[in-house]
Amino acid sequence: MKLCYSPLSPFVRRVMITAIEHNLRDRIVLEDSDSSNIFKGNNPSNPLGKVPSLTLDSGEVLFDSYVICEYLDNIGEGPSLFPEAGPERTRILTLYAMADGMTDAAYQRRMDSIMPDGEGSPSWNARLRLAMETCLDVMETQAESYDGLLNIGTISVASALGYHDFRFSDEKWRNGRPKLTAWYEAIATRPSIASTSPE
Ligand SMILES: N[C@@H](CCC(=O)N[C@@H](CS)C(=O)NCC(=O)O)C(=O)O
């Protein structure tokens with residue numbers, strides 16, 4: 001299997017965490033993305049021009065990160081990160097959607113900030129920042145319920161927070177959010193999380 005990837009992408013990070021948790025890391029060959037032209041996208045294997053994509057040995061190409069994580073979850077070893085259909089799955093996928101949306105907002109803000117002079121939008125940036133702050137506030141109210149759980153929702157929250165630290169450290173998400181901070185500090189020591197941190 002070939003994974004088109006970028007080491008700094010929070011979306012790729014979910015895939016890497018899933019691969020490590022399921023003992024699949026050795027079966028994945030990493031292919032660098034091409035970020036030389038931001039207007040072309042970075043991955044021709046994906047019609048959306050984004051990483052990650054996973055090319056199977058059959059030649060079939062999977063995207064996006066959610067689909068790849070679920071595929072790896074199905075073929076890998078160990079406990080599933082995707083609960084069976086039912087209320088628990090719905091709750092975890094809703095958590096995933098919040099973490100995914102927060103990550104996407106952060107990524108859009110990052111891209112907006114590197115557009116040529118005059119092309120960025122301060123108003124849209126403020127809209128996206130508010131969404132990120134609101135997600136963080138909701139996560140703070142839920143953080144105690146994340147304790148000890150490893151699933152597609154919690155690994156996506158951890159990836160979102162890692163990306164926040166990496167790109168927006170000046171916004172100090174930990175301030176006023178002690179429960180989320182404590183949860184994150186604990187999960188960040190897990191080998192699959194620690195070894196995929198965007199440094
Ligand atoms: N929903 C997608 C998002 C992927 C995504 O936004 N990837 C970014 C890197 S963090 C990318 O490749 N962007 C290149 C571009 O949009 O041109 C997923 O979960 O895989």
# chains A, B, ... in the order shown; residues from 1 in each chain; ligands from 1
call {"tool": "residues_around", "arguments": {"residues": "Glu185 in chain A", "least_positions_apart": "4", "cutoff": "12 Å", "atoms": "only C-alpha atoms", "output": "PyMOL selection string"}}
result
chain A and resi 143+147+158+161-162+174+178-181+189-190+193-194
call {"tool": "residues_near_ligand", "arguments": {"ligand": "ligand 1", "cutoff": "6 Å", "atoms": "only C-alpha atoms and all ligand atoms", "output": "PyMOL selection string"}}
result
chain A and resi 9-11+38+41-42+49-52+64-66
call {"tool": "select_by_dssp", "arguments": {"residues": "range 10-183 of chain A", "states": "strand (DSSP E or B)", "output": "JSON, numbers by chain"}}
result
{"A": [29, 30, 31, 32, 53, 54, 55, 61, 62]}
call {"tool": "closest_residue", "arguments": {"among": "A:Arg177, A:Arg91, A:Val15, A:Glu70", "to": "Ile155 in chain A", "atoms": "only C-alpha atoms"}}
result
A:Val15
call {"tool": "residues_around", "arguments": {"residues": "Asn74 in chain A", "least_positions_apart": "4", "cutoff": "12 Å", "atoms": "only C-alpha atoms", "output": "PyMOL selection string"}}
result
chain A and resi 18-19+22+24+67-70+78-84
call {"tool": "write_last_selection", "arguments": {"atoms": "all heavy atoms", "output": "mmCIF file, in the first residue's frame"}}
result
data_model
loop_
_atom_site.group_PDB
_atom_site.id
_atom_site.type_symbol
_atom_site.label_atom_id
_atom_site.label_comp_id
_atom_site.auth_asym_id
_atom_site.auth_seq_id
_atom_site.Cartn_x
_atom_site.Cartn_y
_atom_site.Cartn_z
ATOM 1 N N THR A 18 -3.805 5.475 13.099
ATOM 2 C CA THR A 18 -4.591 4.251 12.896
ATOM 3 C C THR A 18 -3.686 3.100 12.458
ATOM 4 O O THR A 18 -3.801 1.971 12.957
ATOM 5 C CB THR A 18 -5.687 4.507 11.838
ATOM 6 O OG1 THR A 18 -6.494 5.590 12.271
ATOM 7 C CG2 THR A 18 -6.550 3.285 11.630
ATOM 8 N N ALA A 19 -2.769 3.389 11.526
ATOM 9 C CA ALA A 19 -1.861 2.343 11.041
ATOM 10 C C ALA A 19 -0.997 1.800 12.179
ATOM 11 O O ALA A 19 -0.813 0.581 12.318
ATOM 12 C CB ALA A 19 -0.977 2.896 9.922
ATOM 13 N N HIS A 22 -2.917 -0.369 14.644
ATOM 14 C CA HIS A 22 -3.307 -1.677 14.098
ATOM 15 C C HIS A 22 -2.133 -2.486 13.552
ATOM 16 O O HIS A 22 -2.314 -3.456 12.822
ATOM 17 C CB HIS A 22 -4.361 -1.485 12.999
ATOM 18 C CG HIS A 22 -5.720 -1.151 13.530
ATOM 19 N ND1 HIS A 22 -6.300 -1.827 14.575
ATOM 20 C CD2 HIS A 22 -6.619 -0.201 13.162
ATOM 21 C CE1 HIS A 22 -7.490 -1.311 14.811
ATOM 22 N NE2 HIS A 22 -7.712 -0.317 13.987
ATOM 23 N N LEU A 24 0.073 -1.885 11.312
ATOM 24 C CA LEU A 24 0.126 -1.912 9.844
ATOM 25 C C LEU A 24 1.212 -0.994 9.283
ATOM 26 O O LEU A 24 1.370 -0.912 8.063
ATOM 27 C CB LEU A 24 -1.226 -1.459 9.258
ATOM 28 C CG LEU A 24 -2.399 -2.408 9.467
ATOM 29 C CD1 LEU A 24 -3.710 -1.702 9.122
ATOM 30 C CD2 LEU A 24 -2.229 -3.655 8.614
ATOM 31 N N VAL A 67 -12.022 7.532 5.192
ATOM 32 C CA VAL A 67 -12.183 6.266 4.457
ATOM 33 C C VAL A 67 -10.932 5.399 4.629
ATOM 34 O O VAL A 67 -11.020 4.181 4.842
ATOM 35 C CB VAL A 67 -12.448 6.565 2.963
ATOM 36 C CG1 VAL A 67 -12.488 5.287 2.154
ATOM 37 C CG2 VAL A 67 -13.745 7.346 2.800
ATOM 38 N N ILE A 68 -9.773 6.028 4.577
ATOM 39 C CA ILE A 68 -8.523 5.268 4.735
ATOM 40 C C ILE A 68 -8.441 4.685 6.149
ATOM 41 O O ILE A 68 -8.080 3.518 6.339
ATOM 42 C CB ILE A 68 -7.297 6.159 4.433
ATOM 43 C CG1 ILE A 68 -7.362 6.664 2.994
ATOM 44 C CG2 ILE A 68 -6.008 5.394 4.673
ATOM 45 C CD1 ILE A 68 -6.324 7.746 2.666
ATOM 46 N N CYS A 69 -8.791 5.493 7.147
ATOM 47 C CA CYS A 69 -8.751 4.991 8.535
ATOM 48 C C CYS A 69 -9.695 3.791 8.685
ATOM 49 O O CYS A 69 -9.339 2.780 9.314
ATOM 50 C CB CYS A 69 -9.153 6.079 9.528
ATOM 51 S SG CYS A 69 -7.924 7.364 9.745
ATOM 52 N N GLU A 70 -10.879 3.887 8.115
ATOM 53 C CA GLU A 70 -11.824 2.774 8.265
ATOM 54 C C GLU A 70 -11.318 1.526 7.528
ATOM 55 O O GLU A 70 -11.449 0.403 8.024
ATOM 56 C CB GLU A 70 -13.218 3.163 7.773
ATOM 57 C CG GLU A 70 -14.257 2.148 8.225
ATOM 58 C CD GLU A 70 -15.664 2.537 7.831
ATOM 59 O OE1 GLU A 70 -15.872 2.918 6.672
ATOM 60 O OE2 GLU A 70 -16.554 2.441 8.692
ATOM 61 N N GLY A 78 -5.932 -5.848 16.447
ATOM 62 C CA GLY A 78 -6.267 -5.106 17.666
ATOM 63 C C GLY A 78 -7.671 -4.545 17.667
ATOM 64 O O GLY A 78 -8.423 -4.686 16.705
ATOM 65 N N PRO A 79 -8.037 -3.880 18.783
ATOM 66 C CA PRO A 79 -9.396 -3.366 18.942
ATOM 67 C C PRO A 79 -9.746 -2.331 17.880
ATOM 68 O O PRO A 79 -8.905 -1.520 17.489
ATOM 69 C CB PRO A 79 -9.380 -2.711 20.334
ATOM 70 C CG PRO A 79 -8.137 -3.156 20.996
ATOM 71 C CD PRO A 79 -7.180 -3.592 19.941
ATOM 72 N N SER A 80 -11.004 -2.370 17.422
ATOM 73 C CA SER A 80 -11.449 -1.436 16.391
ATOM 74 C C SER A 80 -11.556 -0.019 16.950
ATOM 75 O O SER A 80 -11.915 0.193 18.102
ATOM 76 C CB SER A 80 -12.821 -1.871 15.861
ATOM 77 O OG SER A 80 -13.294 -0.904 14.954
ATOM 78 N N LEU A 81 -11.251 0.952 16.069
ATOM 79 C CA LEU A 81 -11.423 2.372 16.413
ATOM 80 C C LEU A 81 -12.797 2.876 15.975
ATOM 81 O O LEU A 81 -13.127 4.041 16.174
ATOM 82 C CB LEU A 81 -10.336 3.203 15.725
ATOM 83 C CG LEU A 81 -8.885 2.831 16.078
ATOM 84 C CD1 LEU A 81 -7.913 3.588 15.181
ATOM 85 C CD2 LEU A 81 -8.596 3.125 17.545
ATOM 86 N N PHE A 82 -13.584 1.983 15.367
ATOM 87 C CA PHE A 82 -14.908 2.354 14.840
ATOM 88 C C PHE A 82 -15.962 1.444 15.476
ATOM 89 O O PHE A 82 -16.089 0.277 15.070
ATOM 90 C CB PHE A 82 -14.956 2.175 13.317
ATOM 91 C CG PHE A 82 -14.129 3.152 12.547
ATOM 92 C CD1 PHE A 82 -12.749 3.006 12.475
ATOM 93 C CD2 PHE A 82 -14.717 4.204 11.870
ATOM 94 C CE1 PHE A 82 -11.970 3.902 11.753
ATOM 95 C CE2 PHE A 82 -13.951 5.108 11.144
ATOM 96 C CZ PHE A 82 -12.571 4.952 11.085
ATOM 97 N N PRO A 83 -16.723 1.941 16.441
ATOM 98 C CA PRO A 83 -17.726 1.079 17.070
ATOM 99 C C PRO A 83 -18.774 0.602 16.075
ATOM 100 O O PRO A 83 -18.990 1.221 15.041
ATOM 101 C CB PRO A 83 -18.377 1.988 18.112
ATOM 102 C CG PRO A 83 -17.442 3.107 18.307
ATOM 103 C CD PRO A 83 -16.664 3.264 17.044
ATOM 104 N N GLU A 84 -19.409 -0.532 16.429
ATOM 105 C CA GLU A 84 -20.511 -1.074 15.628
ATOM 106 C C GLU A 84 -21.674 -0.085 15.613
ATOM 107 O O GLU A 84 -21.794 0.748 16.517
ATOM 108 C CB GLU A 84 -21.016 -2.366 16.277
ATOM 109 C CG GLU A 84 -19.954 -3.408 16.521
ATOM 110 C CD GLU A 84 -19.855 -4.387 15.365
ATOM 111 O OE1 GLU A 84 -20.920 -4.882 14.947
ATOM 112 O OE2 GLU A 84 -18.729 -4.618 14.886
#
call {"tool": "residues_around", "arguments": {"residues": "Ser113 in chain A", "least_positions_apart": "6", "cutoff": "12 Å", "atoms": "only C-alpha atoms", "output": "ChimeraX atom specification"}}
result
/A:106-107,119-122,124-125,167-168
call {"tool": "write_last_selection", "arguments": {"atoms": "N, CA and C atoms", "output": "tab-separated table (two decimals), in the first residue's frame"}}
result
chain	number	residue	atom	x	y	z
A	106	ALA	N	-8.95	25.18	10.83
A	106	ALA	CA	-7.57	25.58	11.10
A	106	ALA	C	-6.74	25.55	9.82
A	107	TYR	N	-6.94	24.50	9.04
A	107	TYR	CA	-6.18	24.38	7.80
A	107	TYR	C	-6.54	25.50	6.82
A	119	GLU	N	-5.22	38.74	-0.85
A	119	GLU	CA	-6.18	37.69	-1.20
A	119	GLU	C	-6.82	37.03	0.02
A	120	GLY	N	-6.26	37.26	1.20
A	120	GLY	CA	-6.83	36.67	2.40
A	120	GLY	C	-8.09	37.43	2.82
A	121	SER	N	-8.91	36.81	3.65
A	121	SER	CA	-10.13	37.46	4.12
A	121	SER	C	-10.18	37.50	5.64
A	122	PRO	N	-9.94	38.68	6.26
A	122	PRO	CA	-10.00	38.78	7.71
A	122	PRO	C	-11.37	38.37	8.27
A	124	TRP	N	-13.57	36.19	7.03
A	124	TRP	CA	-13.74	34.72	6.99
A	124	TRP	C	-12.82	34.05	8.00
A	125	ASN	N	-11.61	34.60	8.15
A	125	ASN	CA	-10.69	34.10	9.16
A	125	ASN	C	-11.33	34.18	10.55
A	167	ARG	N	0.31	25.27	14.51
A	167	ARG	CA	0.07	26.45	13.66
A	167	ARG	C	-0.43	27.68	14.41
A	168	PHE	N	-1.06	27.47	15.56
A	168	PHE	CA	-1.70	28.61	16.24
A	168	PHE	C	-1.32	28.64	17.72
call {"tool": "closest_residue", "arguments": {"among": "A:Val61, A:Met115, A:Arg14, A:Ile75", "to": "Thr154 in chain A", "atoms": "only C-alpha atoms"}}
result
A:Arg14
call {"tool": "closest_residue", "arguments": {"among": "A:Ser145, A:Thr94, A:Ser169, A:Ser35", "to": "Pro7 in chain A", "atoms": "only C-alpha atoms"}}
result
A:Ser35
call {"tool": "residues_around", "arguments": {"residues": "Asp32 in chain A", "least_positions_apart": "5", "cutoff": "7 Å", "atoms": "only C-alpha atoms", "output": "MDAnalysis selection string"}}
result
chainID A and resid 4:6
call {"tool": "atom_distance", "arguments": {"atom1": "CA of Asn175 in chain A", "atom2": "CA of Ser159 in chain A"}}
result
18.5 Å
call {"tool": "closest_residue", "arguments": {"among": "A:Ser58, A:Thr103, A:Ser36, A:Ser53", "to": "Leu136 in chain A", "atoms": "only C-alpha atoms"}}
result
A:Thr103
call {"tool": "select_by_dssp", "arguments": {"residues": "range 66-179 of chain A", "states": "alpha helix (DSSP H)", "output": "ChimeraX atom specification"}}
result
/A:66-75,87-113,122-146,152-167,178-179
